[in-house]
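Inspection log for the structure reproduced underneath, given as structure tokens.
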Amino acid sequence: MTAKHGGFSLVEIMIAMLLALLLLVLILTAFSSLQASSTQTRQLALLQQNGQLVLNLLNNELQNSGFWGGQSVFDISNAHSTKAAPGNDCFEEGLDTGSFPQSNQPFIPLFAGIATGARQLNCLNNLLPTTEFLQLKRSLGLQVTPNEMRSNRFYLQTDWQQSRFVDIDTVASHANLLFPYQHSVLYIQQQQVAGQTIPVLMRKRLVRNAAGAASIATDSIIDGVERLHFEFLIDSNLDGRPNFSLATNQMTSNHWLQQQSRIVAVQYHVLLRALEPDRSYQNNRHYQLGSLSYTAPGDHYRRLLLSGAVYFENAVLADR
């Protein structure tokens with residue numbers, strides 16, 4: 001009598017191996033798809049989050065532009081200051097005096113430019129090429145008393161005879177109509193973050209240091225801001241309404257001086273880039289930042305385009 005042995009035949013083993021291989025492929029495909037979806041969701045959420053931060057920042061920086069405590073830009077250009085300008089002050093050579101006004105010199109509250117690769121505004125180096133920067137000088141709308149002044153800030157004390165830029169050590173105890181003063185520059189620079197080279201929105205700002213002297217501080221604000229583009233609405237007949245708009249590269253010295261016309265609003269466009277590449281994604285998209293066109297270079301970064309506008313109501317009212 002012949003004995004029978006249990007077990008699988010070669011054909012059965014090969015079929016089982018094939019089924020197992022197919023199951024493994026399905027699992028890996030599902031995992032890869034899930035991972036790609038998770039990466040996309042995470043990157044888009046971070047882009048949205050950073051985009052909201054940028055919009056809030058630009059709105060906050062721009063909304064009080066043109067407000068000088070009831071004084072006009074001409075009045076402020078003749079304001080008095082006992083403080084020496086910072087050694088690393090930000091100003092456009094031949095067009096502006098920097099943080100504080102100087103006698104018989106122009107004082108420009110708003111200025112923008114395009115990065116050339118060279119040193120610009122006397123304080124900017126290594127800007128991301130062809131990106132735009134924005135310089136703002138303004139007094140904040142929150143009036144303070146001498147007791148509420150901070151030691152690290154400068155203030156504008158408005159007066160019908162002559163306004164003054166003061167600090168906590170030079171203000172009179174009975175002074176009123178005091179407003180915090182801000183001079184800042186927003187620009188984009190490449191930085192190394194966690195092994196990745198990413199564009200970062202930076203800020204230079206006027207501060208008062210521990211010794212009581214004026215200085216320019218540098219801060220990293222928001223990662224992933226790749227492009228800024230500004231378009232300025234010009235009131236050419238001084239009636240408070242815009243007549244046309246100009247991009248940064250179209251603005252002239254006369255427009256910045258605002259003697260024959262007024263800048264009554266600014267439109268801004270922000271292009272954000274993901275901080276990490278996604279190898280399953282290739283970006284060849286075209287982005288329209290107002291009058292400026294930008295085409296992604298076929299890399300693996302997702303991007304988000306956002307826009308906004310701020311009307312300078314204070315600038316219009318101050319000159320009426």
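Each chain of the structure tokens is named A, B, ... in the order shown, its residues numbered from 1; ligands are numbered from 1 in display order.
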
Find the residues of range 198-270 of chain A that sit at most 10 Å from range 92-101 of chain A; for each, write down the nearest two atoms and how far apart they are in Å, to one decimal. Count only C-alpha atoms. Sort by chain, then by number going up, and give it as JSON lines.
{"residue": "A:Arg205", "atom": "CA", "partner": "A:Ser99", "partner_atom": "CA", "distance": 9.5}
{"residue": "A:Leu206", "atom": "CA", "partner": "A:Ser99", "partner_atom": "CA", "distance": 7.3}
{"residue": "A:Ala214", "atom": "CA", "partner": "A:Ser99", "partner_atom": "CA", "distance": 9.0}
{"residue": "A:Ser215", "atom": "CA", "partner": "A:Ser99", "partner_atom": "CA", "distance": 9.7}
{"residue": "A:Ile216", "atom": "CA", "partner": "A:Ser99", "partner_atom": "CA", "distance": 9.4}
{"residue": "A:Ser253", "atom": "CA", "partner": "A:Leu95", "partner_atom": "CA", "distance": 7.3}
{"residue": "A:Asn254", "atom": "CA", "partner": "A:Leu95", "partner_atom": "CA", "distance": 9.8}
{"residue": "A:Trp256", "atom": "CA", "partner": "A:Leu95", "partner_atom": "CA", "distance": 8.6}
{"residue": "A:Leu257", "atom": "CA", "partner": "A:Leu95", "partner_atom": "CA", "distance": 8.1}

In range 106-320 of chain A, what's alpha helix (DSSP H) per DSSP? Answer as a list in words?
Ser253, Asn254, His255, Trp256, Leu257, Glu313, Asn314, Ala315, Val316, Leu317 and Ala318 of chain A

Selected residues, all heavy atoms, written as a PDB file, in the first residue's frame, please.
ATOM      1  N   SER A 253      10.667 109.164  -8.766  1.00  0.00           N
ATOM      2  CA  SER A 253      10.952 109.965  -7.575  1.00  0.00           C
ATOM      3  C   SER A 253       9.806 110.907  -7.254  1.00  0.00           C
ATOM      4  O   SER A 253       9.459 111.114  -6.083  1.00  0.00           O
ATOM      5  CB  SER A 253      12.249 110.757  -7.771  1.00  0.00           C
ATOM      6  OG  SER A 253      13.349 109.892  -7.951  1.00  0.00           O
ATOM      7  N   ASN A 254       9.184 111.500  -8.274  1.00  0.00           N
ATOM      8  CA  ASN A 254       8.067 112.417  -8.055  1.00  0.00           C
ATOM      9  C   ASN A 254       6.889 111.716  -7.378  1.00  0.00           C
ATOM     10  O   ASN A 254       6.203 112.301  -6.535  1.00  0.00           O
ATOM     11  CB  ASN A 254       7.624 113.040  -9.371  1.00  0.00           C
ATOM     12  CG  ASN A 254       8.606 114.071  -9.873  1.00  0.00           C
ATOM     13  OD1 ASN A 254       9.336 114.676  -9.087  1.00  0.00           O
ATOM     14  ND2 ASN A 254       8.653 114.274 -11.179  1.00  0.00           N
ATOM     15  N   HIS A 255       6.649 110.459  -7.762  1.00  0.00           N
ATOM     16  CA  HIS A 255       5.558 109.719  -7.128  1.00  0.00           C
ATOM     17  C   HIS A 255       5.857 109.454  -5.658  1.00  0.00           C
ATOM     18  O   HIS A 255       4.969 109.578  -4.804  1.00  0.00           O
ATOM     19  CB  HIS A 255       5.323 108.396  -7.857  1.00  0.00           C
ATOM     20  CG  HIS A 255       4.828 108.567  -9.259  1.00  0.00           C
ATOM     21  ND1 HIS A 255       5.441 107.966 -10.338  1.00  0.00           N
ATOM     22  CD2 HIS A 255       3.784 109.278  -9.770  1.00  0.00           C
ATOM     23  CE1 HIS A 255       4.789 108.287 -11.444  1.00  0.00           C
ATOM     24  NE2 HIS A 255       3.782 109.086 -11.124  1.00  0.00           N
ATOM     25  N   TRP A 256       7.095 109.099  -5.340  1.00  0.00           N
ATOM     26  CA  TRP A 256       7.447 108.822  -3.950  1.00  0.00           C
ATOM     27  C   TRP A 256       7.421 110.099  -3.115  1.00  0.00           C
ATOM     28  O   TRP A 256       7.041 110.069  -1.934  1.00  0.00           O
ATOM     29  CB  TRP A 256       8.823 108.174  -3.856  1.00  0.00           C
ATOM     30  CG  TRP A 256       8.945 106.845  -4.525  1.00  0.00           C
ATOM     31  CD1 TRP A 256       9.846 106.481  -5.490  1.00  0.00           C
ATOM     32  CD2 TRP A 256       8.147 105.673  -4.287  1.00  0.00           C
ATOM     33  NE1 TRP A 256       9.661 105.187  -5.870  1.00  0.00           N
ATOM     34  CE2 TRP A 256       8.624 104.649  -5.142  1.00  0.00           C
ATOM     35  CE3 TRP A 256       7.086 105.388  -3.434  1.00  0.00           C
ATOM     36  CZ2 TRP A 256       8.076 103.379  -5.183  1.00  0.00           C
ATOM     37  CZ3 TRP A 256       6.525 104.113  -3.471  1.00  0.00           C
ATOM     38  CH2 TRP A 256       7.021 103.133  -4.325  1.00  0.00           C
ATOM     39  N   LEU A 257       7.799 111.223  -3.693  1.00  0.00           N
ATOM     40  CA  LEU A 257       7.809 112.488  -2.960  1.00  0.00           C
ATOM     41  C   LEU A 257       6.392 112.977  -2.651  1.00  0.00           C
ATOM     42  O   LEU A 257       6.192 113.730  -1.695  1.00  0.00           O
ATOM     43  CB  LEU A 257       8.569 113.545  -3.757  1.00  0.00           C
ATOM     44  CG  LEU A 257      10.084 113.341  -3.833  1.00  0.00           C
ATOM     45  CD1 LEU A 257      10.703 114.279  -4.865  1.00  0.00           C
ATOM     46  CD2 LEU A 257      10.723 113.578  -2.469  1.00  0.00           C
ATOM     47  N   GLU A 313      -6.798 106.053   3.798  1.00  0.00           N
ATOM     48  CA  GLU A 313      -7.757 107.104   4.117  1.00  0.00           C
ATOM     49  C   GLU A 313      -7.117 108.219   4.932  1.00  0.00           C
ATOM     50  O   GLU A 313      -7.424 109.395   4.751  1.00  0.00           O
ATOM     51  CB  GLU A 313      -8.933 106.509   4.888  1.00  0.00           C
ATOM     52  CG  GLU A 313     -10.042 107.496   5.181  1.00  0.00           C
ATOM     53  CD  GLU A 313     -11.243 106.833   5.830  1.00  0.00           C
ATOM     54  OE1 GLU A 313     -11.238 105.589   5.961  1.00  0.00           O
ATOM     55  OE2 GLU A 313     -12.159 107.558   6.212  1.00  0.00           O
ATOM     56  N   ASN A 314      -6.183 107.866   5.812  1.00  0.00           N
ATOM     57  CA  ASN A 314      -5.525 108.885   6.642  1.00  0.00           C
ATOM     58  C   ASN A 314      -4.738 109.871   5.800  1.00  0.00           C
ATOM     59  O   ASN A 314      -4.722 111.061   6.076  1.00  0.00           O
ATOM     60  CB  ASN A 314      -4.584 108.208   7.641  1.00  0.00           C
ATOM     61  CG  ASN A 314      -5.328 107.420   8.696  1.00  0.00           C
ATOM     62  OD1 ASN A 314      -6.263 107.919   9.281  1.00  0.00           O
ATOM     63  ND2 ASN A 314      -4.921 106.187   8.917  1.00  0.00           N
ATOM     64  N   ALA A 315      -4.080 109.370   4.749  1.00  0.00           N
ATOM     65  CA  ALA A 315      -3.283 110.249   3.897  1.00  0.00           C
ATOM     66  C   ALA A 315      -4.168 111.240   3.165  1.00  0.00           C
ATOM     67  O   ALA A 315      -3.808 112.400   2.960  1.00  0.00           O
ATOM     68  CB  ALA A 315      -2.484 109.409   2.899  1.00  0.00           C
ATOM     69  N   VAL A 316      -5.343 110.798   2.752  1.00  0.00           N
ATOM     70  CA  VAL A 316      -6.260 111.675   2.032  1.00  0.00           C
ATOM     71  C   VAL A 316      -6.826 112.746   2.967  1.00  0.00           C
ATOM     72  O   VAL A 316      -6.845 113.930   2.655  1.00  0.00           O
ATOM     73  CB  VAL A 316      -7.399 110.849   1.398  1.00  0.00           C
ATOM     74  CG1 VAL A 316      -8.436 111.773   0.761  1.00  0.00           C
ATOM     75  CG2 VAL A 316      -6.842 109.879   0.367  1.00  0.00           C
ATOM     76  N   LEU A 317      -7.268 112.318   4.161  1.00  0.00           N
ATOM     77  CA  LEU A 317      -7.899 113.261   5.079  1.00  0.00           C
ATOM     78  C   LEU A 317      -6.909 114.293   5.604  1.00  0.00           C
ATOM     79  O   LEU A 317      -7.280 115.441   5.845  1.00  0.00           O
ATOM     80  CB  LEU A 317      -8.526 112.494   6.247  1.00  0.00           C
ATOM     81  CG  LEU A 317      -9.696 111.567   5.889  1.00  0.00           C
ATOM     82  CD1 LEU A 317     -10.149 110.819   7.138  1.00  0.00           C
ATOM     83  CD2 LEU A 317     -10.850 112.352   5.284  1.00  0.00           C
ATOM     84  N   ALA A 318      -5.665 113.887   5.796  1.00  0.00           N
ATOM     85  CA  ALA A 318      -4.667 114.789   6.389  1.00  0.00           C
ATOM     86  C   ALA A 318      -4.375 115.979   5.499  1.00  0.00           C
ATOM     87  O   ALA A 318      -3.928 117.022   5.974  1.00  0.00           O
ATOM     88  CB  ALA A 318      -3.370 114.024   6.678  1.00  0.00           C
TER      89      ALA A 318
END

Would you mind telling me which residue in A:Pro86, A:Gly212, A:Pro129, A:Gly298 lies nearest to Ile168 in chain A when using only C-alpha atoms?
A:Gly212

Among the residues A:Arg150, A:Met251, A:Ser236, A:Asn125, the one that comes closest to Gln190 in chain A [using only C-alpha atoms]:
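Of all the options, A:Asn125 lies closest to Gln190 in chain A.
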
What are the DSSP strand (DSSP E or B) residues of range 27-248 of chain A, as a short mmCIF file (atom, residue, chain, number, x, y, z; two decimals) with N, CA and C atoms, in the first residue's frame?
data_model
loop_
_atom_site.label_atom_id
_atom_site.label_comp_id
_atom_site.auth_asym_id
_atom_site.auth_seq_id
_atom_site.Cartn_x
_atom_site.Cartn_y
_atom_site.Cartn_z
N HIS A 80 11.10 118.09 14.28
CA HIS A 80 12.40 118.19 14.94
C HIS A 80 12.74 116.86 15.61
N SER A 81 14.02 116.50 15.58
CA SER A 81 14.49 115.30 16.26
C SER A 81 15.87 115.57 16.85
N LEU A 110 6.76 106.33 2.29
CA LEU A 110 6.48 105.07 1.59
C LEU A 110 7.43 104.95 0.41
N PHE A 111 8.06 103.76 0.29
CA PHE A 111 8.99 103.54 -0.82
C PHE A 111 9.10 102.05 -1.07
N ALA A 112 9.20 101.68 -2.34
CA ALA A 112 9.38 100.26 -2.71
C ALA A 112 10.44 100.18 -3.81
N GLY A 113 11.06 99.02 -3.92
CA GLY A 113 12.07 98.79 -4.94
C GLY A 113 12.17 97.32 -5.28
N ILE A 114 13.02 97.02 -6.25
CA ILE A 114 13.23 95.65 -6.72
C ILE A 114 14.68 95.25 -6.42
N GLN A 120 21.14 97.66 -1.02
CA GLN A 120 20.09 98.62 -1.30
C GLN A 120 19.54 99.22 -0.02
N LEU A 124 20.12 96.83 3.27
CA LEU A 124 19.69 95.53 2.78
C LEU A 124 20.79 94.86 1.98
N LEU A 127 19.46 90.11 -0.86
CA LEU A 127 18.04 89.91 -1.12
C LEU A 127 17.85 88.87 -2.22
N GLU A 132 10.67 92.12 -4.51
CA GLU A 132 10.43 93.52 -4.15
C GLU A 132 10.51 93.72 -2.64
N PHE A 133 10.89 94.93 -2.25
CA PHE A 133 10.91 95.29 -0.84
C PHE A 133 10.06 96.54 -0.64
N LEU A 134 9.61 96.76 0.59
CA LEU A 134 8.72 97.86 0.91
C LEU A 134 9.18 98.54 2.19
N GLN A 135 9.38 99.86 2.12
CA GLN A 135 9.75 100.64 3.29
C GLN A 135 8.56 101.48 3.74
N LEU A 136 8.28 101.48 5.03
CA LEU A 136 7.14 102.20 5.59
C LEU A 136 7.58 103.02 6.79
N LYS A 137 7.09 104.26 6.85
CA LYS A 137 7.24 105.10 8.04
C LYS A 137 5.84 105.60 8.39
N ARG A 138 5.48 105.48 9.64
CA ARG A 138 4.13 105.88 10.04
C ARG A 138 4.08 106.04 11.55
N SER A 139 3.11 106.81 11.99
CA SER A 139 2.79 106.82 13.41
C SER A 139 1.56 105.95 13.61
N VAL A 144 -0.83 107.70 23.24
CA VAL A 144 -0.34 107.27 24.55
C VAL A 144 -0.02 108.50 25.40
N PHE A 154 10.43 104.88 19.73
CA PHE A 154 10.40 106.33 19.52
C PHE A 154 8.96 106.74 19.28
N TYR A 155 8.70 108.03 19.52
CA TYR A 155 7.33 108.53 19.45
C TYR A 155 7.31 109.86 18.68
N LEU A 156 6.15 110.12 18.08
CA LEU A 156 5.91 111.40 17.43
C LEU A 156 5.03 112.24 18.35
N GLN A 157 5.54 113.41 18.73
CA GLN A 157 4.76 114.35 19.52
C GLN A 157 4.30 115.45 18.58
N ARG A 164 7.68 116.87 17.00
CA ARG A 164 8.99 116.38 17.42
C ARG A 164 8.98 114.86 17.51
N PHE A 165 10.14 114.26 17.22
CA PHE A 165 10.35 112.84 17.47
C PHE A 165 11.07 112.73 18.81
N VAL A 166 10.47 111.97 19.74
CA VAL A 166 10.99 111.91 21.10
C VAL A 166 11.08 110.46 21.55
N LEU A 178 0.82 112.13 21.81
CA LEU A 178 1.98 111.25 21.57
C LEU A 178 1.52 110.00 20.83
N PHE A 179 2.25 109.65 19.77
CA PHE A 179 1.90 108.46 18.99
C PHE A 179 3.16 107.63 18.75
N PRO A 180 3.10 106.31 18.95
CA PRO A 180 4.25 105.46 18.64
C PRO A 180 4.65 105.62 17.18
N TYR A 181 5.95 105.68 16.93
CA TYR A 181 6.48 105.87 15.59
C TYR A 181 7.14 104.58 15.10
N GLN A 182 6.90 104.23 13.85
CA GLN A 182 7.44 103.00 13.29
C GLN A 182 8.12 103.27 11.95
N HIS A 183 9.32 102.77 11.79
CA HIS A 183 10.04 102.76 10.52
C HIS A 183 10.47 101.32 10.27
N SER A 184 9.95 100.71 9.19
CA SER A 184 10.25 99.30 8.93
C SER A 184 10.43 99.06 7.45
N VAL A 185 11.13 97.98 7.14
CA VAL A 185 11.35 97.55 5.76
C VAL A 185 11.06 96.06 5.67
N LEU A 186 10.20 95.66 4.75
CA LEU A 186 9.89 94.26 4.50
C LEU A 186 10.60 93.81 3.23
N TYR A 187 11.26 92.65 3.28
CA TYR A 187 12.00 92.15 2.12
C TYR A 187 12.13 90.64 2.21
N ILE A 188 12.65 90.02 1.16
CA ILE A 188 12.75 88.55 1.09
C ILE A 188 14.21 88.14 0.95
N GLN A 189 14.58 87.13 1.70
CA GLN A 189 15.96 86.64 1.71
C GLN A 189 15.95 85.12 1.76
N GLN A 190 16.92 84.48 1.12
CA GLN A 190 17.07 83.03 1.20
C GLN A 190 17.78 82.65 2.49
N GLN A 191 17.26 81.62 3.18
CA GLN A 191 17.89 81.16 4.41
C GLN A 191 17.89 79.64 4.46
N GLN A 192 18.81 79.10 5.24
CA GLN A 192 18.87 77.66 5.47
C GLN A 192 18.05 77.32 6.70
N VAL A 193 17.01 76.51 6.53
CA VAL A 193 16.15 76.10 7.63
C VAL A 193 15.98 74.59 7.56
N GLN A 196 17.05 72.85 4.44
CA GLN A 196 16.41 73.30 3.21
C GLN A 196 16.70 74.78 2.98
N THR A 197 16.91 75.17 1.72
CA THR A 197 17.04 76.57 1.37
C THR A 197 15.66 77.11 1.04
N ILE A 198 15.17 78.04 1.85
CA ILE A 198 13.81 78.53 1.66
C ILE A 198 13.81 80.05 1.65
N PRO A 199 12.84 80.65 0.96
CA PRO A 199 12.69 82.11 1.01
C PRO A 199 11.98 82.51 2.29
N VAL A 200 12.44 83.59 2.89
CA VAL A 200 11.89 84.03 4.18
C VAL A 200 11.56 85.52 4.10
N LEU A 201 10.38 85.88 4.59
CA LEU A 201 10.02 87.29 4.70
C LEU A 201 10.74 87.87 5.92
N MET A 202 11.54 88.91 5.68
CA MET A 202 12.34 89.54 6.71
C MET A 202 11.83 90.95 7.00
N ARG A 203 12.24 91.47 8.15
CA ARG A 203 11.86 92.85 8.49
C ARG A 203 13.01 93.57 9.19
N LYS A 204 13.33 94.75 8.71
CA LYS A 204 14.20 95.68 9.41
C LYS A 204 13.29 96.70 10.11
N ARG A 205 13.62 97.07 11.33
CA ARG A 205 12.78 98.04 12.03
C ARG A 205 13.60 98.90 12.97
N LEU A 206 13.15 100.14 13.11
CA LEU A 206 13.80 101.09 14.01
C LEU A 206 13.48 100.73 15.45
N VAL A 207 14.53 100.66 16.29
CA VAL A 207 14.34 100.41 17.72
C VAL A 207 15.27 101.35 18.50
N ARG A 208 15.01 101.46 19.76
CA ARG A 208 15.88 102.21 20.68
C ARG A 208 16.57 101.18 21.56
N ALA A 214 19.40 105.10 18.68
CA ALA A 214 18.58 104.52 17.61
C ALA A 214 19.36 103.44 16.89
N SER A 215 18.68 102.34 16.57
CA SER A 215 19.32 101.21 15.89
C SER A 215 18.30 100.53 14.99
N ILE A 216 18.80 99.76 14.02
CA ILE A 216 17.94 99.01 13.12
C ILE A 216 18.08 97.53 13.46
N ALA A 217 16.97 96.92 13.89
CA ALA A 217 16.94 95.49 14.23
C ALA A 217 16.47 94.69 13.03
N THR A 218 16.86 93.42 12.99
CA THR A 218 16.49 92.52 11.89
C THR A 218 15.75 91.31 12.45
N ASP A 219 14.60 90.99 11.84
CA ASP A 219 13.78 89.87 12.30
C ASP A 219 13.40 88.98 11.12
N SER A 220 13.37 87.67 11.35
CA SER A 220 12.77 86.73 10.41
C SER A 220 11.28 86.64 10.75
N ILE A 221 10.41 86.88 9.77
CA ILE A 221 8.98 86.99 10.07
C ILE A 221 8.23 85.71 9.70
N ILE A 222 8.21 85.36 8.40
CA ILE A 222 7.40 84.23 7.93
C ILE A 222 8.20 83.44 6.89
N ASP A 223 8.31 82.14 7.08
CA ASP A 223 9.00 81.27 6.13
C ASP A 223 8.13 81.00 4.91
N VAL A 225 7.75 82.77 2.03
CA VAL A 225 7.28 83.88 1.18
C VAL A 225 8.28 84.06 0.04
N GLU A 226 7.85 83.74 -1.18
CA GLU A 226 8.76 83.70 -2.32
C GLU A 226 8.74 84.97 -3.17
N ARG A 227 7.59 85.63 -3.26
CA ARG A 227 7.47 86.84 -4.07
C ARG A 227 6.53 87.83 -3.39
N LEU A 228 6.89 89.11 -3.47
CA LEU A 228 6.00 90.21 -3.12
C LEU A 228 5.92 91.13 -4.34
N HIS A 229 4.72 91.60 -4.63
CA HIS A 229 4.57 92.56 -5.73
C HIS A 229 3.57 93.62 -5.29
N PHE A 230 3.94 94.90 -5.56
CA PHE A 230 3.11 96.01 -5.13
C PHE A 230 2.70 96.86 -6.33
N GLU A 231 1.47 97.34 -6.29
CA GLU A 231 0.98 98.29 -7.28
C GLU A 231 0.30 99.43 -6.53
N PHE A 232 0.69 100.66 -6.87
CA PHE A 232 0.29 101.84 -6.13
C PHE A 232 -0.76 102.63 -6.90
N LEU A 233 -1.84 102.97 -6.22
CA LEU A 233 -2.91 103.75 -6.84
C LEU A 233 -2.63 105.22 -6.61
N ILE A 234 -2.54 105.97 -7.71
CA ILE A 234 -2.10 107.36 -7.68
C ILE A 234 -3.28 108.31 -7.89
N ASP A 235 -3.38 109.29 -7.01
CA ASP A 235 -4.34 110.39 -7.15
C ASP A 235 -3.57 111.56 -7.76
N PHE A 244 -4.98 106.31 -11.59
CA PHE A 244 -4.31 105.21 -12.28
C PHE A 244 -3.44 104.47 -11.28
N SER A 245 -2.93 103.33 -11.68
CA SER A 245 -2.05 102.55 -10.81
C SER A 245 -0.71 102.31 -11.50
N LEU A 246 0.33 102.19 -10.68
CA LEU A 246 1.67 101.95 -11.18
C LEU A 246 2.31 100.83 -10.37
N ALA A 247 3.01 99.93 -11.07
CA ALA A 247 3.77 98.90 -10.39
C ALA A 247 5.06 99.51 -9.82
#

List the neighbours of Gln49 in chain A out to 12 Å using only C-alpha atoms; skip same-chain residues closer than 4 positions along the sequence, and give me the result as an MDAnalysis selection string.
chainID A and resid 42:45 53:56 222:225 272:274 304 306

Distance criterion (only C-alpha atoms): nearest to Tyr311 in chain A out of A:Ile76, A:Ser293, A:Leu62, A:Met14:
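Ranked by minimum distance to Tyr311 in chain A, first place goes to A:Leu62.
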
How many Å lie between CA of Ala172 in chain A and CA of Glu148 in chain A, rounded to one decimal?
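If I compute the distance from CA of Ala172 in chain A to CA of Glu148 in chain A, I get 13.0 Å.
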
Mind checking which residues fall within 7 Å of Cys90 in chain A, counting only C-alpha atoms, ignoring those fewer than 3 positions away in the same chain, and posting them as a list in words?
Gly98, Leu121, Asn122 and Cys123 of chain A

In terms of the shortest atom-to-atom distance over only C-alpha atoms, which of A:Pro242, A:Gly70, A:Gly308, A:Pro106 is closest to Leu289 in chain A?
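Of all the options, A:Gly308 lies closest to Leu289 in chain A.
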
What is the distance between CA of Ser72 in chain A and CA of Ser307 in chain A, in Å to one decimal?
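Going from CA of Ser72 in chain A over to CA of Ser307 in chain A, I get 29.1 Å.
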
Give me the residues within 12 Å of His300 in chain A as a PyMOL selection string, counting only C-alpha atoms and dropping any in the same chain fewer than 5 places off.
chain A and resi 40+43+273-285

Residue selection dump (N, CA and C atoms) as a compact mmCIF listing (two decimals), in the first residue's frame:
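Resulting contents of selection_22.txt:
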# COMPACT_ATOMS: atom_id res chain seq x y z
N GLN A 40 0.20 66.42 0.64
CA GLN A 40 -0.50 67.51 -0.03
C GLN A 40 -1.37 68.28 0.96
N GLN A 43 0.87 70.33 3.37
CA GLN A 43 1.50 71.48 2.74
C GLN A 43 0.49 72.57 2.43
N ARG A 273 5.52 79.63 -1.02
CA ARG A 273 6.04 78.35 -1.48
C ARG A 273 6.13 77.39 -0.31
N ALA A 274 5.80 76.12 -0.57
CA ALA A 274 5.93 75.09 0.48
C ALA A 274 7.38 75.02 0.96
N LEU A 275 7.57 74.62 2.20
CA LEU A 275 8.91 74.58 2.78
C LEU A 275 9.69 73.35 2.35
N GLU A 276 8.97 72.27 2.00
CA GLU A 276 9.63 71.03 1.59
C GLU A 276 9.13 70.60 0.22
N PRO A 277 9.99 69.98 -0.58
CA PRO A 277 9.55 69.50 -1.89
C PRO A 277 8.72 68.23 -1.76
N ASP A 278 7.86 68.01 -2.72
CA ASP A 278 7.07 66.78 -2.82
C ASP A 278 7.43 66.15 -4.17
N ARG A 279 8.19 65.05 -4.13
CA ARG A 279 8.72 64.45 -5.35
C ARG A 279 7.61 63.91 -6.26
N SER A 280 6.43 63.71 -5.72
CA SER A 280 5.32 63.22 -6.54
C SER A 280 4.60 64.36 -7.26
N TYR A 281 5.06 65.59 -7.04
CA TYR A 281 4.38 66.77 -7.60
C TYR A 281 5.40 67.61 -8.38
N GLN A 282 5.01 68.07 -9.55
CA GLN A 282 5.87 68.96 -10.34
C GLN A 282 5.09 70.23 -10.66
N ASN A 283 5.71 71.36 -10.40
CA ASN A 283 5.03 72.64 -10.54
C ASN A 283 5.54 73.40 -11.76
N ASN A 284 4.68 73.48 -12.78
CA ASN A 284 4.96 74.30 -13.96
C ASN A 284 3.90 75.40 -14.12
N ARG A 285 3.18 75.69 -13.04
CA ARG A 285 2.05 76.59 -13.12
C ARG A 285 2.48 78.04 -13.37

As a check of understanding: the span from CA of Leu22 in chain A to CA of Ser38 in chain A is 24.1 Å
